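> Below you'll find final.txt; it's compact mmCIF, C-alpha atoms (C1' of nucleotides).
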```txt
# COMPACT_ATOMS: atom_id res chain seq x y z
CA MET A 2 106.60 68.49 91.11
CA PRO A 3 106.98 72.22 90.87
CA ARG A 4 110.27 73.93 90.99
CA SER A 5 110.60 75.82 94.26
CA LYS A 6 110.97 79.60 94.50
CA GLN A 7 114.49 80.63 93.69
CA PHE A 8 114.41 84.10 95.19
CA ASP A 9 113.26 85.37 98.53
CA LYS A 10 110.28 87.63 98.02
CA GLU A 11 111.06 89.47 101.26
CA LYS A 12 114.60 90.23 100.19
CA VAL A 13 113.49 91.43 96.78
CA LEU A 14 110.88 93.66 98.40
CA GLU A 15 113.52 95.02 100.72
CA LYS A 16 115.68 96.01 97.76
CA ALA A 17 112.74 97.59 95.99
CA MET A 18 111.97 99.54 99.15
CA HIS A 19 115.46 100.98 99.27
CA LEU A 20 115.38 101.97 95.62
CA PHE A 21 111.98 103.67 95.82
CA TRP A 22 113.04 105.29 99.06
CA GLU A 23 116.11 106.76 97.44
CA LYS A 24 114.68 107.80 94.08
CA GLY A 25 110.95 108.16 94.60
CA TYR A 26 108.16 106.61 92.56
CA HIS A 27 108.36 108.47 89.27
CA ALA A 28 112.12 108.59 89.04
CA THR A 29 112.40 104.83 89.49
CA SER A 30 111.85 102.93 86.27
CA MET A 31 111.04 99.26 85.89
CA GLN A 32 114.44 98.92 84.24
CA ASP A 33 116.05 100.35 87.38
CA LEU A 34 114.14 97.83 89.46
CA ILE A 35 115.13 94.90 87.24
CA ASP A 36 118.77 95.96 87.35
CA THR A 37 118.68 96.35 91.13
CA LEU A 38 116.48 93.52 92.30
CA GLY A 39 118.41 90.85 90.47
CA ILE A 40 115.32 89.09 89.20
CA ASN A 41 113.87 88.84 85.76
CA ARG A 42 111.37 91.26 84.30
CA ALA A 43 108.76 88.56 83.89
CA SER A 44 109.33 87.26 87.41
CA LEU A 45 108.88 90.76 88.70
CA TYR A 46 105.49 91.13 87.05
CA ASP A 47 104.48 87.59 88.01
CA THR A 48 105.32 88.18 91.65
CA PHE A 49 104.27 91.78 92.23
CA GLY A 50 101.77 92.62 89.50
CA SER A 51 102.77 96.13 88.53
CA LYS A 52 105.10 98.94 89.42
CA LYS A 53 102.46 100.64 91.51
CA GLU A 54 101.55 97.48 93.40
CA LEU A 55 105.19 96.86 94.12
CA PHE A 56 105.58 100.44 95.31
CA ASP A 57 102.61 100.22 97.65
CA LEU A 58 103.93 96.98 99.05
CA ALA A 59 107.36 98.52 99.54
CA LEU A 60 105.89 101.51 101.34
CA SER A 61 103.80 99.26 103.59
CA HIS A 62 106.83 97.20 104.33
CA TYR A 63 108.80 100.30 105.27
CA GLN A 64 106.06 101.57 107.52
CA ASP A 65 105.62 98.26 109.35
CA GLN A 66 109.33 98.00 109.84
CA ASN A 67 109.57 101.61 110.97
CA ALA A 68 106.75 101.43 113.49
CA LYS A 69 108.27 98.30 115.03
CA ILE A 70 111.66 99.92 115.28
CA ILE A 71 110.23 102.99 116.99
CA ALA A 72 108.07 101.07 119.44
CA GLY A 73 110.86 98.62 120.13
CA PHE A 74 113.36 101.37 120.72
CA LEU A 75 111.20 103.38 123.08
CA TYR A 76 110.26 100.29 125.02
CA TYR A 77 113.72 100.19 126.54
CA GLN A 78 114.00 103.91 127.21
CA THR A 79 112.88 104.60 130.74
CA ASN A 80 113.77 108.29 130.64
CA VAL A 81 111.07 109.68 128.37
CA ARG A 82 112.66 112.98 127.39
CA GLN A 83 115.94 111.29 126.66
CA GLY A 84 114.18 108.42 124.96
CA ILE A 85 112.55 110.71 122.45
CA TYR A 86 115.77 112.59 121.92
CA LEU A 87 117.65 109.37 121.22
CA LEU A 88 114.88 108.23 118.90
CA PHE A 89 115.25 111.38 116.86
CA ASP A 90 118.98 110.85 116.89
CA ARG A 91 118.43 107.45 115.35
CA MET A 92 116.00 108.80 112.81
CA ILE A 93 118.52 111.39 111.70
CA ASP A 94 121.17 108.72 111.32
CA ASP A 95 118.75 106.73 109.24
CA ALA A 96 117.84 109.67 107.02
CA LEU A 97 121.49 110.54 106.45
CA ASN A 98 122.92 107.05 106.34
CA ASN A 99 123.56 106.79 102.62
CA ASP A 100 125.75 108.21 99.89
CA ILE A 101 122.90 110.57 99.18
CA PRO A 102 120.62 111.50 102.07
CA ARG A 103 117.35 109.79 101.29
CA GLY A 104 115.26 111.24 104.10
CA CYS A 105 112.23 109.17 104.97
CA PHE A 106 110.31 106.98 102.56
CA THR A 107 106.96 108.00 104.03
CA THR A 108 107.73 111.71 104.01
CA ASN A 109 109.06 111.52 100.46
CA THR A 110 105.92 109.74 99.33
CA THR A 111 103.68 112.18 101.13
CA THR A 112 104.91 115.08 99.06
CA GLU A 113 105.30 113.13 95.82
CA LEU A 114 102.12 111.08 95.67
CA ALA A 115 99.71 111.69 98.51
CA SER A 116 97.70 114.41 96.80
CA ALA A 117 97.29 112.48 93.56
CA ASP A 118 97.04 108.90 94.74
CA GLU A 119 94.44 107.69 97.18
CA LYS A 120 96.16 104.44 98.04
CA SER A 121 99.38 106.02 99.27
CA LYS A 122 97.45 108.79 100.97
CA LYS A 123 95.56 106.20 102.95
CA LEU A 124 98.70 104.26 103.81
CA ILE A 125 100.37 107.43 105.05
CA ALA A 126 97.39 108.60 107.09
CA GLU A 127 97.15 105.21 108.77
CA ASP A 128 100.85 105.12 109.47
CA LYS A 129 100.62 108.59 110.97
CA SER A 130 97.98 107.35 113.40
CA VAL A 131 100.09 104.38 114.34
CA ILE A 132 103.18 106.47 115.02
CA GLU A 133 101.25 109.10 116.95
CA GLU A 134 99.67 106.44 119.11
CA ILE A 135 103.10 105.05 119.94
CA TYR A 136 104.13 108.55 120.98
CA THR A 137 100.98 109.09 123.01
CA ASN A 138 101.41 105.83 124.90
CA TYR A 139 105.01 106.59 125.59
CA LEU A 140 104.20 110.08 126.80
CA GLN A 141 101.48 108.63 128.99
CA TYR A 142 104.09 106.39 130.49
CA GLY A 143 106.10 109.55 131.14
CA VAL A 144 103.13 111.13 132.90
CA ASN A 145 102.61 108.01 134.99
CA GLN A 146 106.26 108.10 135.98
CA SER A 147 105.95 111.80 136.86
CA GLN A 148 108.45 112.68 134.17
CA ILE A 149 105.93 114.68 132.18
CA SER A 150 103.43 117.19 133.48
CA PRO A 151 99.92 115.69 133.76
CA TYR A 152 98.49 118.89 132.29
CA LYS A 153 99.95 118.32 128.84
CA ASP A 154 97.73 117.45 125.90
CA LEU A 155 99.48 114.25 124.89
CA LYS A 156 97.68 113.71 121.60
CA ASN A 157 98.52 117.21 120.53
CA ILE A 158 102.16 116.77 121.49
CA SER A 159 102.22 113.51 119.56
CA SER A 160 101.05 115.13 116.38
CA TYR A 161 103.54 117.91 117.00
CA LEU A 162 106.30 115.32 117.28
CA TYR A 163 105.15 113.75 114.05
CA ALA A 164 105.33 117.13 112.33
CA LEU A 165 108.75 117.81 113.77
CA GLN A 166 110.17 114.50 112.61
CA SER A 167 108.70 115.05 109.16
CA GLY A 168 110.34 118.44 108.95
CA ILE A 169 113.68 117.12 110.08
CA LYS A 170 113.57 114.36 107.51
CA VAL A 171 112.85 116.89 104.79
CA ILE A 172 115.68 119.14 105.85
CA SER A 173 118.09 116.24 106.10
CA LYS A 174 118.02 116.17 102.31
CA VAL A 175 119.45 119.64 101.85
CA GLN A 176 121.31 120.09 105.10
CA PRO A 177 122.77 116.73 106.03
CA ASN A 178 124.46 118.06 109.16
CA LYS A 179 123.72 115.82 112.10
CA GLU A 180 125.01 118.18 114.76
CA GLN A 181 122.82 121.06 113.66
CA LEU A 182 119.80 118.82 113.28
CA LEU A 183 120.29 117.52 116.80
CA LYS A 184 120.49 121.01 118.26
CA LEU A 185 117.22 121.77 116.55
CA VAL A 186 115.72 118.64 118.07
CA SER A 187 116.81 119.74 121.53
CA THR A 188 115.05 123.01 120.99
CA GLY A 189 111.95 121.30 119.70
CA LEU A 190 111.76 118.90 122.61
CA SER A 191 111.66 121.74 125.10
CA VAL A 192 107.90 121.72 124.55
CA LEU A 193 107.89 118.73 126.91
CA ASP A 194 109.03 120.90 129.82
CA MET B 30 108.73 146.11 62.56
CA PRO B 31 108.53 143.08 64.81
CA ARG B 32 105.34 141.78 66.13
CA SER B 33 105.24 142.44 69.87
CA LYS B 34 105.04 139.73 72.53
CA GLN B 35 101.54 138.39 72.76
CA PHE B 36 101.77 136.76 76.17
CA ASP B 37 103.04 137.96 79.48
CA LYS B 38 106.07 135.90 80.45
CA GLU B 39 105.42 136.59 84.13
CA LYS B 40 101.88 135.34 83.95
CA VAL B 41 102.88 132.23 82.08
CA LEU B 42 105.58 131.56 84.65
CA GLU B 43 103.04 132.01 87.41
CA LYS B 44 100.80 129.38 85.84
CA ALA B 45 103.72 127.00 85.41
CA MET B 46 104.61 127.55 89.05
CA HIS B 47 101.13 126.54 90.18
CA LEU B 48 101.13 123.44 88.03
CA PHE B 49 104.56 122.24 89.18
CA TRP B 50 103.61 123.10 92.73
CA GLU B 51 100.52 120.95 92.55
CA LYS B 52 101.85 117.99 90.60
CA GLY B 53 105.60 118.01 91.10
CA TYR B 54 108.30 117.84 88.46
CA HIS B 55 108.03 114.31 87.13
CA ALA B 56 104.26 114.09 87.16
CA THR B 57 103.96 117.27 85.08
CA SER B 58 104.41 116.65 81.37
CA MET B 59 105.15 119.21 78.70
CA GLN B 60 101.72 118.43 77.33
CA ASP B 61 100.20 119.37 80.70
CA LEU B 62 102.13 122.61 80.61
CA ILE B 63 101.05 123.43 77.07
CA ASP B 64 97.43 122.72 77.94
CA THR B 65 97.61 124.84 81.07
CA LEU B 66 99.81 127.76 80.09
CA GLY B 67 97.79 128.64 77.03
CA ILE B 68 100.82 129.13 74.84
CA ASN B 69 102.16 127.08 72.01
CA ARG B 70 104.66 124.29 72.35
CA ALA B 71 107.21 126.11 70.21
CA SER B 72 106.72 129.35 72.11
CA LEU B 73 107.26 127.49 75.35
CA TYR B 74 110.60 126.14 74.21
CA ASP B 75 111.58 129.46 72.64
CA THR B 76 110.84 131.35 75.82
CA PHE B 77 111.97 128.96 78.56
CA GLY B 78 114.40 126.56 76.93
CA SER B 79 113.42 123.24 78.46
CA LYS B 80 111.16 121.68 81.03
CA LYS B 81 113.90 121.69 83.63
CA GLU B 82 114.81 125.32 83.02
CA LEU B 83 111.18 126.29 83.29
CA PHE B 84 110.89 124.32 86.50
CA ASP B 85 113.93 125.96 88.05
CA LEU B 86 112.60 129.36 87.08
CA ALA B 87 109.20 128.54 88.56
CA LEU B 88 110.79 127.40 91.81
CA SER B 89 112.92 130.54 92.01
CA HIS B 90 109.86 132.63 91.34
CA TYR B 91 107.98 130.88 94.12
CA GLN B 92 110.81 131.34 96.57
CA ASP B 93 111.26 135.02 95.83
CA GLN B 94 107.57 135.60 96.16
CA ASN B 95 107.40 133.58 99.34
CA ALA B 96 110.32 135.30 101.06
CA LYS B 97 108.81 138.68 100.28
CA ILE B 98 105.44 137.65 101.64
CA ILE B 99 106.97 136.39 104.86
CA ALA B 100 109.18 139.41 105.43
CA GLY B 101 106.38 141.77 104.47
CA PHE B 102 103.94 140.09 106.76
CA LEU B 103 106.20 140.02 109.80
CA TYR B 104 107.16 143.64 109.28
CA TYR B 105 103.75 144.75 110.47
CA GLN B 106 103.54 142.32 113.38
CA THR B 107 104.80 144.04 116.51
CA ASN B 108 103.93 141.16 118.83
CA VAL B 109 106.58 138.61 117.91
CA ARG B 110 105.00 135.46 119.33
CA GLN B 111 101.67 136.33 117.78
CA GLY B 112 103.34 137.39 114.57
CA ILE B 113 104.94 134.02 114.08
CA TYR B 114 101.72 132.27 114.99
CA LEU B 115 99.78 134.30 112.45
CA LEU B 116 102.45 133.65 109.85
CA PHE B 117 102.06 129.93 110.34
CA ASP B 118 98.31 130.40 110.14
CA ARG B 119 98.78 132.00 106.74
CA MET B 120 101.15 129.30 105.59
CA ILE B 121 98.63 126.64 106.50
CA ASP B 122 95.95 128.46 104.56
CA ASP B 123 98.24 128.61 101.62
CA ALA B 124 99.13 124.94 101.79
CA LEU B 125 95.47 123.95 102.03
CA ASN B 126 94.02 126.56 99.74
CA ASN B 127 93.25 124.35 96.74
CA ASP B 128 90.98 121.54 95.64
CA ILE B 129 93.83 119.23 96.54
CA PRO B 130 96.21 120.36 99.27
CA ARG B 131 99.43 121.15 97.46
CA GLY B 132 101.62 121.82 100.46
CA CYS B 133 104.67 123.92 99.72
CA PHE B 134 106.49 124.02 96.41
CA THR B 135 109.89 124.17 98.08
CA THR B 136 109.16 121.31 100.47
CA ASN B 137 107.73 119.20 97.69
CA THR B 138 110.79 119.81 95.57
CA THR B 139 113.13 119.07 98.46
CA THR B 140 111.86 115.53 98.76
CA GLU B 141 111.34 114.93 95.06
CA LEU B 142 114.49 116.36 93.52
CA ALA B 143 117.01 117.70 96.01
CA SER B 144 118.98 114.49 96.39
CA ALA B 145 119.26 113.88 92.65
CA ASP B 146 119.50 117.38 91.24
CA GLU B 147 122.17 119.86 92.25
CA LYS B 148 120.42 122.92 90.88
CA SER B 149 117.27 122.54 92.93
CA LYS B 150 119.29 121.47 95.95
CA LYS B 151 121.21 124.71 95.72
CA LEU B 152 118.07 126.80 95.26
CA ILE B 153 116.51 125.19 98.29
CA ALA B 154 119.55 125.56 100.50
CA GLU B 155 119.80 129.24 99.58
CA ASP B 156 116.13 129.81 100.20
CA LYS B 157 116.45 128.11 103.55
CA SER B 158 119.16 130.58 104.53
CA VAL B 159 117.04 133.51 103.40
CA ILE B 160 114.00 132.38 105.38
CA GLU B 161 116.01 131.59 108.47
CA GLU B 162 117.62 134.98 108.35
CA ILE B 163 114.21 136.63 108.21
CA TYR B 164 113.26 134.64 111.29
CA THR B 165 116.48 135.48 113.09
CA ASN B 166 116.07 139.20 112.45
CA TYR B 167 112.49 139.11 113.59
CA LEU B 168 113.38 137.20 116.74
CA GLN B 169 116.17 139.70 117.39
CA TYR B 170 113.56 142.42 117.19
CA GLY B 171 111.62 140.44 119.78
CA VAL B 172 114.66 140.31 122.04
CA ASN B 173 115.21 144.04 121.61
CA GLN B 174 111.60 144.64 122.55
CA SER B 175 111.97 142.38 125.60
CA GLN B 176 109.40 140.01 124.18
CA ILE B 177 111.88 137.16 123.85
CA SER B 178 114.46 136.06 126.39
CA PRO B 179 117.95 137.33 125.52
CA TYR B 180 119.38 133.94 126.44
CA LYS B 181 117.81 132.17 123.48
CA ASP B 182 119.93 130.92 120.61
CA LEU B 183 118.10 132.73 117.82
CA LYS B 184 119.79 130.99 114.88
CA ASN B 185 118.97 127.66 116.36
CA ILE B 186 115.36 128.64 116.93
CA SER B 187 115.17 129.89 113.35
CA SER B 188 116.29 126.59 111.92
CA TYR B 189 113.85 124.90 114.27
CA LEU B 190 111.05 127.09 112.90
CA TYR B 191 112.08 126.20 109.38
CA ALA B 192 111.90 122.50 110.25
CA LEU B 193 108.53 122.95 111.90
CA GLN B 194 107.03 124.76 108.93
CA SER B 195 108.40 122.09 106.59
CA GLY B 196 106.81 119.39 108.67
CA ILE B 197 103.49 121.16 108.79
CA LYS B 198 103.46 121.61 105.05
CA VAL B 199 104.13 117.92 104.57
CA ILE B 200 101.37 116.92 106.93
CA SER B 201 98.93 119.31 105.32
CA LYS B 202 98.88 116.93 102.38
CA VAL B 203 97.46 114.00 104.31
CA GLN B 204 95.72 115.76 107.15
CA PRO B 205 94.24 118.96 105.74
CA ASN B 206 92.69 119.98 109.03
CA LYS B 207 93.51 123.56 109.83
CA GLU B 208 92.33 123.50 113.41
CA GLN B 209 94.50 120.55 114.35
CA LEU B 210 97.47 121.99 112.53
CA LEU B 211 97.09 125.27 114.39
CA LYS B 212 96.98 123.52 117.75
CA LEU B 213 100.19 121.81 116.83
CA VAL B 214 101.71 125.16 115.92
CA SER B 215 100.75 126.58 119.32
CA THR B 216 102.53 123.70 120.97
CA GLY B 217 105.56 124.14 118.77
CA LEU B 218 105.82 127.85 119.45
CA SER B 219 106.03 127.28 123.19
CA VAL B 220 109.77 126.92 122.63
CA LEU B 221 109.81 130.71 122.51
CA ASP B 222 108.77 130.92 126.16
C1' DT C 15 113.01 59.69 83.59
C1' DG C 16 109.44 62.88 82.88
C1' DA C 17 105.68 65.84 84.09
C1' DG C 18 105.04 70.26 86.11
C1' DT C 19 106.24 74.60 87.69
C1' DA C 20 109.67 78.54 88.34
C1' DG C 21 112.60 81.48 86.38
C1' DT C 22 115.22 83.64 82.30
C1' DG C 23 116.42 86.35 78.24
C1' DG C 24 114.88 89.01 75.09
C1' DA C 25 111.83 90.52 71.61
C1' DA C 26 107.59 93.05 70.85
C1' DT C 27 104.02 96.36 71.99
C1' DA C 28 101.93 100.39 72.82
C1' DA C 29 101.88 104.47 75.12
C1' DT C 30 104.07 108.54 76.61
C1' DT C 31 107.90 111.32 77.05
C1' DA C 32 110.78 115.74 75.83
C1' DT C 33 112.31 118.06 72.04
C1' DT C 34 112.99 119.87 67.21
C1' DC C 35 111.42 121.64 63.05
C1' DC C 36 108.77 123.98 59.55
C1' DA C 37 105.55 126.37 57.01
C1' DA C 38 101.81 129.34 57.61
C1' DA C 39 99.29 132.95 60.02
C1' DA C 40 99.19 137.19 62.82
C1' DA C 41 100.64 141.49 64.25
C1' DA C 42 103.34 145.74 64.27
C1' DT C 43 105.22 149.79 62.02
C1' DA C 44 108.07 152.18 58.57
C1' DT D 20 101.95 147.66 51.34
C1' DA D 21 106.32 145.53 52.61
C1' DT D 22 109.18 143.95 56.15
C1' DT D 23 110.18 141.89 60.36
C1' DT D 24 109.27 139.18 64.10
C1' DT D 25 106.04 136.45 67.01
C1' DT D 26 103.12 132.92 67.44
C1' DT D 27 100.77 128.84 65.98
C1' DG D 28 99.48 124.12 64.62
C1' DG D 29 101.09 120.15 63.81
C1' DA D 30 104.14 116.78 62.08
C1' DA D 31 108.37 114.32 63.05
C1' DT D 32 111.95 112.49 66.01
C1' DA D 33 114.04 109.92 69.23
C1' DA D 34 114.14 108.26 73.62
C1' DT D 35 112.00 106.09 77.42
C1' DT D 36 108.21 104.27 79.64
C1' DA D 37 105.33 100.13 81.60
C1' DT D 38 103.74 95.94 80.22
C1' DT D 39 102.99 91.48 77.68
C1' DC D 40 104.48 87.46 75.56
C1' DC D 41 107.06 83.41 74.31
C1' DA D 42 110.39 80.00 73.74
C1' DC D 43 113.80 78.14 76.53
C1' DT D 44 116.22 76.52 80.65
C1' DA D 45 116.38 74.97 85.54
C1' DC D 46 114.77 72.68 89.09
C1' DT D 47 111.86 69.38 92.00
C1' DC D 48 110.15 65.05 93.07
C1' DA D 49 106.78 61.21 92.07
```
Translate this file's structure into structure tokens.

Amino acid sequence: MPRSKQFDKEKVLEKAMHLFWEKGYHATSMQDLIDTLGINRASLYDTFGSKKELFDLALSHYQDQNAKIIAGFLYYQTNVRQGIYLLFDRMIDDALNNDIPRGCFTTNTTTELASADEKSKKLIAEDKSVIEEIYTNYLQYGVNQSQISPYKDLKNISSYLYALQSGIKVISKVQPNKEQLLKLVSTGLSVLD
Amino acid sequence: MPRSKQFDKEKVLEKAMHLFWEKGYHATSMQDLIDTLGINRASLYDTFGSKKELFDLALSHYQDQNAKIIAGFLYYQTNVRQGIYLLFDRMIDDALNNDIPRGCFTTNTTTELASADEKSKKLIAEDKSVIEEIYTNYLQYGVNQSQISPYKDLKNISSYLYALQSGIKVISKVQPNKEQLLKLVSTGLSVLD
DNA sequence: TGAGTAGTGGAATAATTATTCCAAAAAATA
DNA sequence: TATTTTTTGGAATAATTATTCCACTACTCA
């Protein structure tokens, strides 16, 4: 009978995600991964194929996780304006919550790989749609609850929110000041008024 | 008597800037640079020292150029709201104006290097201050001209504008649709009202 | 126990990387 | 022409890269 798997593929992927998130694709070497993941070089190749395949999987994993967190968080926020504000608050925490501010895995990958690599470009574009749809639905809820003006273009606001969060996650890397970032968010969310 | 310089250092730097801008630091090899710049490997090292030094110089060059363009552009825009809108219009053109959308050199570098490299982090933070100050001064002009409410926190709005432009330049890499980006800008600029 | 698979350690490969070096060619002018 | 410096082509170096391979160990269960 075969020996059973000794390591948890999910956990290994999670570690890979964090490393790629922090360092980016090019700056992460297979040696880095082997040192960090705690599994053998051969096992790594056996399980994940190649560096690029592992990266794509890690990015997907991040995006799935992220979308669930956002949708799950908003689900419990009945005050829409405040809900979005608190979501951004969380995102900022997440971007800063490290020795070195790592920003957002998706945003980092967008600027590093999207123009040269079709696979990641596709992943990012799809993720963008998913996130924007979550925003649109949530804003629609706000309209239904008379919290948001029915004259707003919700899809447009959603893509605006996506742009704003991207920008904040970029800036978090050079100006890791939560207070200032939050003030900026307040300003940005006044478009909902 | 010495032979005179055969190539224009400025022009070579300009080419290097475009290459780094398009491909990023890690994905650009010295061989790429040699092929693109049209000068010899030895001349490259003689003139610029190392890949990293050349990169830093190229980034600085971009930032200087960029700040001048922004300040110069706004100088002739007497309608502040429209001026900022048209500036963003230009920025979008610039980010998209290539076979492959290259976004913004500064934004790209922020996500690729800022957390690992102090030099670029410093360059970016300084550039951010410069840009935000240009915005603040321009907005102050708007207040003086009674185009902008005197109750606005101009520094806060400036850092918001910086975040918004960063976000737009990120998105331009996966969604190179000028019309949609401009609609998003219109929404974002409603914070000035 | 023993067959079968999973995982390991490490060597080996092959490609690419940044960088250094050198000898020769090219240009400028005294 | 002679001298000085720039520039070039290309070889050489040394480090790092992703990837493959193999012999060995570890584990599972029929």
> Only residues of chain A matter here; which ones have an atom within 8 Å of chain B, counting only C-alpha atoms? Give them as an NGL selection string.
:A and (24-25 or 27-28 or 101-104 or 108-109 or 111-113 or 115-117 or 122 or 125-126 or 157-158 or 160-161 or 163-169 or 171-172 or 174-176 or 184-186 or 188-189 or 191-192)
> If you keep C-alpha atoms, can you produce a file of those selected residues as a PDB file, keeping the file's coordinate frame?

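What ended up in again.pdb:
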```
ATOM      1  CA  LYS A  24     114.680 107.800  94.080  1.00  0.00           C
ATOM      2  CA  GLY A  25     110.950 108.160  94.600  1.00  0.00           C
ATOM      3  CA  HIS A  27     108.360 108.470  89.270  1.00  0.00           C
ATOM      4  CA  ALA A  28     112.120 108.590  89.040  1.00  0.00           C
ATOM      5  CA  ILE A 101     122.900 110.570  99.180  1.00  0.00           C
ATOM      6  CA  PRO A 102     120.620 111.500 102.070  1.00  0.00           C
ATOM      7  CA  ARG A 103     117.350 109.790 101.290  1.00  0.00           C
ATOM      8  CA  GLY A 104     115.260 111.240 104.100  1.00  0.00           C
ATOM      9  CA  THR A 108     107.730 111.710 104.010  1.00  0.00           C
ATOM     10  CA  ASN A 109     109.060 111.520 100.460  1.00  0.00           C
ATOM     11  CA  THR A 111     103.680 112.180 101.130  1.00  0.00           C
ATOM     12  CA  THR A 112     104.910 115.080  99.060  1.00  0.00           C
ATOM     13  CA  GLU A 113     105.300 113.130  95.820  1.00  0.00           C
ATOM     14  CA  ALA A 115      99.710 111.690  98.510  1.00  0.00           C
ATOM     15  CA  SER A 116      97.700 114.410  96.800  1.00  0.00           C
ATOM     16  CA  ALA A 117      97.290 112.480  93.560  1.00  0.00           C
ATOM     17  CA  LYS A 122      97.450 108.790 100.970  1.00  0.00           C
ATOM     18  CA  ILE A 125     100.370 107.430 105.050  1.00  0.00           C
ATOM     19  CA  ALA A 126      97.390 108.600 107.090  1.00  0.00           C
ATOM     20  CA  ASN A 157      98.520 117.210 120.530  1.00  0.00           C
ATOM     21  CA  ILE A 158     102.160 116.770 121.490  1.00  0.00           C
ATOM     22  CA  SER A 160     101.050 115.130 116.380  1.00  0.00           C
ATOM     23  CA  TYR A 161     103.540 117.910 117.000  1.00  0.00           C
ATOM     24  CA  TYR A 163     105.150 113.750 114.050  1.00  0.00           C
ATOM     25  CA  ALA A 164     105.330 117.130 112.330  1.00  0.00           C
ATOM     26  CA  LEU A 165     108.750 117.810 113.770  1.00  0.00           C
ATOM     27  CA  GLN A 166     110.170 114.500 112.610  1.00  0.00           C
ATOM     28  CA  SER A 167     108.700 115.050 109.160  1.00  0.00           C
ATOM     29  CA  GLY A 168     110.340 118.440 108.950  1.00  0.00           C
ATOM     30  CA  ILE A 169     113.680 117.120 110.080  1.00  0.00           C
ATOM     31  CA  VAL A 171     112.850 116.890 104.790  1.00  0.00           C
ATOM     32  CA  ILE A 172     115.680 119.140 105.850  1.00  0.00           C
ATOM     33  CA  LYS A 174     118.020 116.170 102.310  1.00  0.00           C
ATOM     34  CA  VAL A 175     119.450 119.640 101.850  1.00  0.00           C
ATOM     35  CA  GLN A 176     121.310 120.090 105.100  1.00  0.00           C
ATOM     36  CA  LYS A 184     120.490 121.010 118.260  1.00  0.00           C
ATOM     37  CA  LEU A 185     117.220 121.770 116.550  1.00  0.00           C
ATOM     38  CA  VAL A 186     115.720 118.640 118.070  1.00  0.00           C
ATOM     39  CA  THR A 188     115.050 123.010 120.990  1.00  0.00           C
ATOM     40  CA  GLY A 189     111.950 121.300 119.700  1.00  0.00           C
ATOM     41  CA  SER A 191     111.660 121.740 125.100  1.00  0.00           C
ATOM     42  CA  VAL A 192     107.900 121.720 124.550  1.00  0.00           C
TER      43      VAL A 192
END
```
> Would you mind reading off the distance between CA of Tyr142 (chain A) and CA of Thr79 (chain A), one decimal, in Å?
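Interatomic distance, CA of Tyr142 (chain A) to CA of Thr79 (chain A): 9.0 Å.
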> Centre and edge lengths of an axis-aligned box around all listed atoms of region 32-37 of chain D, with 3 Å added on each side, are to be given in Å to one decimal, as AutoDock Vina command-line options.

```
--center_x 109.7 --center_y 106.3 --center_z 73.8 --size_x 14.8 --size_y 18.4 --size_z 21.6
```
> Write out as a CSV table (one decimal) with C-alpha atoms (C1' of nucleotides), in the coordinates of the input each polymer residue whose atoms come within 12 Å of Asn69 (chain B), counting only C-alpha atoms (C1' of nucleotides); drop sequence neighbours fewer than 6 positions from it.

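Wrote result_27.csv, looks like this:
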```csv
chain,number,residue,atom,x,y,z
B,35,GLN,CA,101.5,138.4,72.8
B,36,PHE,CA,101.8,136.8,76.2
B,41,VAL,CA,102.9,132.2,82.1
B,59,MET,CA,105.2,119.2,78.7
B,60,GLN,CA,101.7,118.4,77.3
B,61,ASP,CA,100.2,119.4,80.7
B,62,LEU,CA,102.1,122.6,80.6
B,63,ILE,CA,101.0,123.4,77.1
B,75,ASP,CA,111.6,129.5,72.6
B,76,THR,CA,110.8,131.4,75.8
B,77,PHE,CA,112.0,129.0,78.6
D,25,DT,C1',106.0,136.4,67.0
D,26,DT,C1',103.1,132.9,67.4
D,27,DT,C1',100.8,128.8,66.0
D,28,DG,C1',99.5,124.1,64.6
D,29,DG,C1',101.1,120.2,63.8
```
> Which residues of chain C have any atom within 7 Å of an atom in chain A when counting only C-alpha atoms (C1' of nucleotides), and what is the closest pair of atoms for each, with the distance in Å to one decimal? Order the rows by chain and rising number and write it as JSON lines.

```
{"residue": "C:DG18", "atom": "C1'", "partner": "A:Pro3", "partner_atom": "CA", "distance": 5.5}
{"residue": "C:DT19", "atom": "C1'", "partner": "A:Pro3", "partner_atom": "CA", "distance": 4.0}
{"residue": "C:DA20", "atom": "C1'", "partner": "A:Arg4", "partner_atom": "CA", "distance": 5.4}
{"residue": "C:DG21", "atom": "C1'", "partner": "A:Ser44", "partner_atom": "CA", "distance": 6.7}
{"residue": "C:DT22", "atom": "C1'", "partner": "A:Asn41", "partner_atom": "CA", "distance": 6.4}
```
> Find the residue from B:Leu73, B:Ala45, B:Asp156, B:Lys207 that sits nearest to chain D; use only C-alpha atoms (C1' of nucleotides) when measuring.
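That would be B:Leu73, the residue with the smallest distance to chain D.
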> Find the distance between CA of Met46 (chain B) and CA of Ala87 (chain B) and write it in Å to one decimal.
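So the answer is 4.7 Å.
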> Which neighbours of region 24-35 of chain C fall inside 8 Å, counting only C-alpha atoms (C1' of nucleotides), when residues of the same chain fewer than 3 positions from it are skipped, and could you give them as a list in words?
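My list of contacting residues is Ser58, Met59 and Lys80 of chain B; DA31, DT32, DA34, DT35, DT36, DT39 and DC40 of chain D.
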> Write out as a ChimeraX atom specification each polymer residue whose atoms come within 9 Å of Gln148 (chain A), counting all atoms listed in the file; drop sequence neighbours fewer than 3 positions from it.
/A:80-82,140,142-145
> Please report as a compact mmCIF listing (two decimals) with C-alpha atoms (C1' of nucleotides), in the coordinates of the input which residues of chain D come no farther than 7 Å from chain A, using only C-alpha atoms (C1' of nucleotides).

```txt
# COMPACT_ATOMS: atom_id res chain seq x y z
C1' DC D 46 114.77 72.68 89.09
C1' DT D 47 111.86 69.38 92.00
C1' DC D 48 110.15 65.05 93.07
```
